[in-house]
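A.B. asks: Before I ask anything, here is the structure I am working with.
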Protein chains: 2
Amino acid sequence: MRDLAAADRVVYGYNKSASGARTAAREGFDVSNDLDATLQRANNDSALIVIAVPMGAVGFVLDEIVAKVPNCGITDVVSVKTPVYRAIKERGLQDRYVGSHPMAGTEESGWSASKTGLFVRCAWVITYDYAAECEAAGQSVPADWLRLFIDVNRMIMTARAETVPSQVRAHDEAVARVSHLPHVIAEALALVGDNGGVIAQSLAASSFKDATRVAGTAPELVRAMCESNAPALVDIIDEFIGRLQDARESLSGPEPSIKEFAENGHIARTRLVARSGARRGSVSPVKISSRPVLRFHPGGNNWLAQLKQAEDIGARIEIF
Amino acid sequence: MRDLAAADRVVYGYNKSASGARTAAREGFDVSNDLDATLQRANNDSALIVIAVPMGAVGFVLDEIVAKVPNCGITDVVSVKTPVYRAIKERGLQDRYVGSHPMAGTEESGWSASKTGLFVRCAWVITYDYAAECEAAGQSVPADWLRLFIDVNRMIMTARAETVPSQVRAHDEAVARVSHLPHVIAEALALVGDNGGVIAQSLAASSFKDATRVAGTAPELVRAMCESNAPALVDIIDEFIGRLQDARESLSGPEPSIKEFAENGHIARTRLVARSGARRGSVSPVKISSRPVLRFHPGGNNWLAQLKQAEDIGARIEIF
């Protein structure tokens, strides 16, 4: 909302919390505590609706949209896409829906934790399962859906993020690895550190604090993302435990060695930093993204194959 | 070295690497590549020798000290204290030794990664096993050792760190929890992220980057600390795997819930942040430590009991 307003786009919102709505309104943002009025206004404007609520509230919001907003395209910024897409399909909304997920944030939440520029150069996932389903069924993708896809991409561009296409399942497996697992690790490490008593607490320095930072997130939010992505996350936790057990075994012998583990981990970390986000060490004031870019035209020749290719190589897209 | 020089203390050093020594010398630091000459000079000055080498080189350095430096007190800044203290005792140097370990650093290493003020307000552990052993044997602690303890504390104060007393075994268990485990986690998480391919790499954001930051450390250094603390670390990895398995189980059922896990982890994290280092949110330009302080006089009435009490509560000490 801050980024769209800063770019002079018309943007307004609804907040269930009256005090939350007032806080934003006091800063000059057009935020209401009246859901019916907000949905009516959105319908009159044919606005793009952005659902930004915890997973548990998505069904309620969609029911309201079904009942009151026949005109609007829908996106969401929930961190798990499978249950959102299931809720969308249960209500037959898939031709009005393009999912999204910005990979940025802090351990803080609420309006006061938001800021203009939070999403600059972050990966912002855009989903396109409906288009793939149309293709698989031998149907052409409706023009309205293509316009919605372009509109969601425009919103992402306005926030100066990088649009990374992914289908729902691949997204959920990837975020289980790179986001939900780090949250589980942070909670478990905080518990193990705490179990060391005050001397361990006193000695905890930056390696510990960085690795547990996201345990500072409100527990309800951690629960919402981890529990709603449980099937993917359980598999990833098992993979992670397997790596730890390998390290543990190699430390248990008479001559402990984690040579391969430490060297391969170091290489993996180096590769990940090289691939995600802006290049470090660039002296140019214009930051160069290290994500490859794929320029395409939705609905153009071979466009869906291009989108899938972008997903396979973790590329960002630019629409022309 | 930078902090001591900045405080106008006489400080000089030896670096095995000729280019490393030259780099420091070009910045005006008194660093030599001649070990014999440096040790001779230290002996003539009755200097405090600070051993800052990887664990694998400690034995060699101690042998050189035994052969050439009868006069000097010894400390070290190695991250694991049990094998250092074993090497000290094997050479009968325990009455000339007070171990230490500053809990600060980055994933970088080498002279260029050092900076003045790196240790400000960090916990800097000081060990006192020899004094405890003297007491257990019914012997009084030699005055020379007490002077050495005071001298090491003075060095720590000069770096503006906080002196936290700990015996060797308690230190090694605590750092296995709060430092070596985070390093193992970072390597394992980097491998799991990498295994997700380019889409996972592209989506990795701050939670992943923070949790894997220390996998950027040179693998030899990670190996040196983890392998030399293997017995304590294996137990801690097992404890951590146990926590992960609990979380995994609670995510595997028909109604996944990590309510307790997330809430307890959040509380643990909050407590750890409250206890370690400077208070956040203080508006005073004088940062207040959140570690309790215990003021005492080495050799004074009940001083060893006070030191043990400080260790039990993770306190910093001030010597008067």
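In the structure tokens, the first chain shown is A, the next is B, and so on; residue numbers restart at 1 for each chain, and ligands run from 1 in the order shown.
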DSSP on the backbone, strand (DSSP E) only: what residues of region 52-206 of chain A does that give? Format it as a ChimeraX atom specification.
C.D. replies: /A:73-76,100-102,123-126,162-165
A.B. asks: Counting only C-alpha atoms, which residues in chain A sit no more than 6 Å from chain B? For each one, give the nearest pair of atoms and the distance in Å, sorted by chain then residue number, as a tab-separated table.
C.D. replies:
residue	atom	partner	partner_atom	distance
A:Met103	CA	B:Ala205	CA	5.9
A:Ala123	CA	B:Leu203	CA	5.9
A:Ala174	CA	B:Ala200	CA	4.7
A:Arg177	CA	B:Gly193	CA	5.7
A:Val178	CA	B:Ala204	CA	5.3
A:Pro182	CA	B:Phe208	CA	5.9
A:Glu187	CA	B:Gly265	CA	4.3
A:Ala188	CA	B:Arg243	CA	5.7
A:Ala190	CA	B:Arg269	CA	5.2
A:Leu191	CA	B:Gly265	CA	5.5
A:Gly193	CA	B:Arg177	CA	5.7
A:Asp194	CA	B:Ala268	CA	5.7
A:Val198	CA	B:Gly314	CA	5.1
A:Ile199	CA	B:Gly314	CA	4.1
A:Ala200	CA	B:Ala174	CA	4.8
A:Gln201	CA	B:Leu272	CA	5.3
A:Ser202	CA	B:Ser276	CA	4.7
A:Leu203	CA	B:Ala123	CA	5.9
A:Ala204	CA	B:Val178	CA	5.3
A:Ala205	CA	B:Met103	CA	5.9
A:Phe208	CA	B:Val178	CA	5.5
A:Asp210	CA	B:Asp210	CA	5.3
A:Ala211	CA	B:Ala211	CA	4.1
A:Ala215	CA	B:His266	CA	5.2
A:Gly216	CA	B:His266	CA	5.7
A:Pro219	CA	B:Ala262	CA	5.2
A:Glu227	CA	B:Pro256	CA	5.5
A:Ala230	CA	B:Leu251	CA	5.6
A:Val234	CA	B:Arg248	CA	5.8
A:Arg243	CA	B:Ala188	CA	5.7
A:Arg248	CA	B:Val234	CA	5.8
A:Leu251	CA	B:Ala230	CA	5.6
A:Pro256	CA	B:Glu227	CA	5.5
A:Ala262	CA	B:Pro219	CA	5.2
A:Glu263	CA	B:Pro219	CA	5.4
A:Gly265	CA	B:Glu187	CA	4.3
A:His266	CA	B:Ala215	CA	5.2
A:Ala268	CA	B:Ala190	CA	5.5
A:Arg269	CA	B:Ala190	CA	5.2
A:Leu272	CA	B:Gln201	CA	5.3
A:Arg275	CA	B:Ser202	CA	5.9
A:Ser276	CA	B:Ser202	CA	4.7
A:Ile313	CA	B:Val198	CA	5.6
A:Gly314	CA	B:Ile199	CA	4.1
A.B. asks: Just give me the gap between CA of Leu304 (chain A) and CA of Ala136 (chain A) in Å, one decimal is fine.
C.D. replies: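 Spanning CA of Leu304 (chain A) to CA of Ala136 (chain A) is a straight-line distance of 11.2 Å.
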A.B. asks: Which of region 56-236 of chain A counts as alpha helix (DSSP H) under DSSP, as an NGL selection string please?
C.D. replies: :A and (58-68 or 82-90 or 129-136 or 143-158 or 168-175 or 181-194 or 197-203 or 206-212 or 219-228 or 230-236)
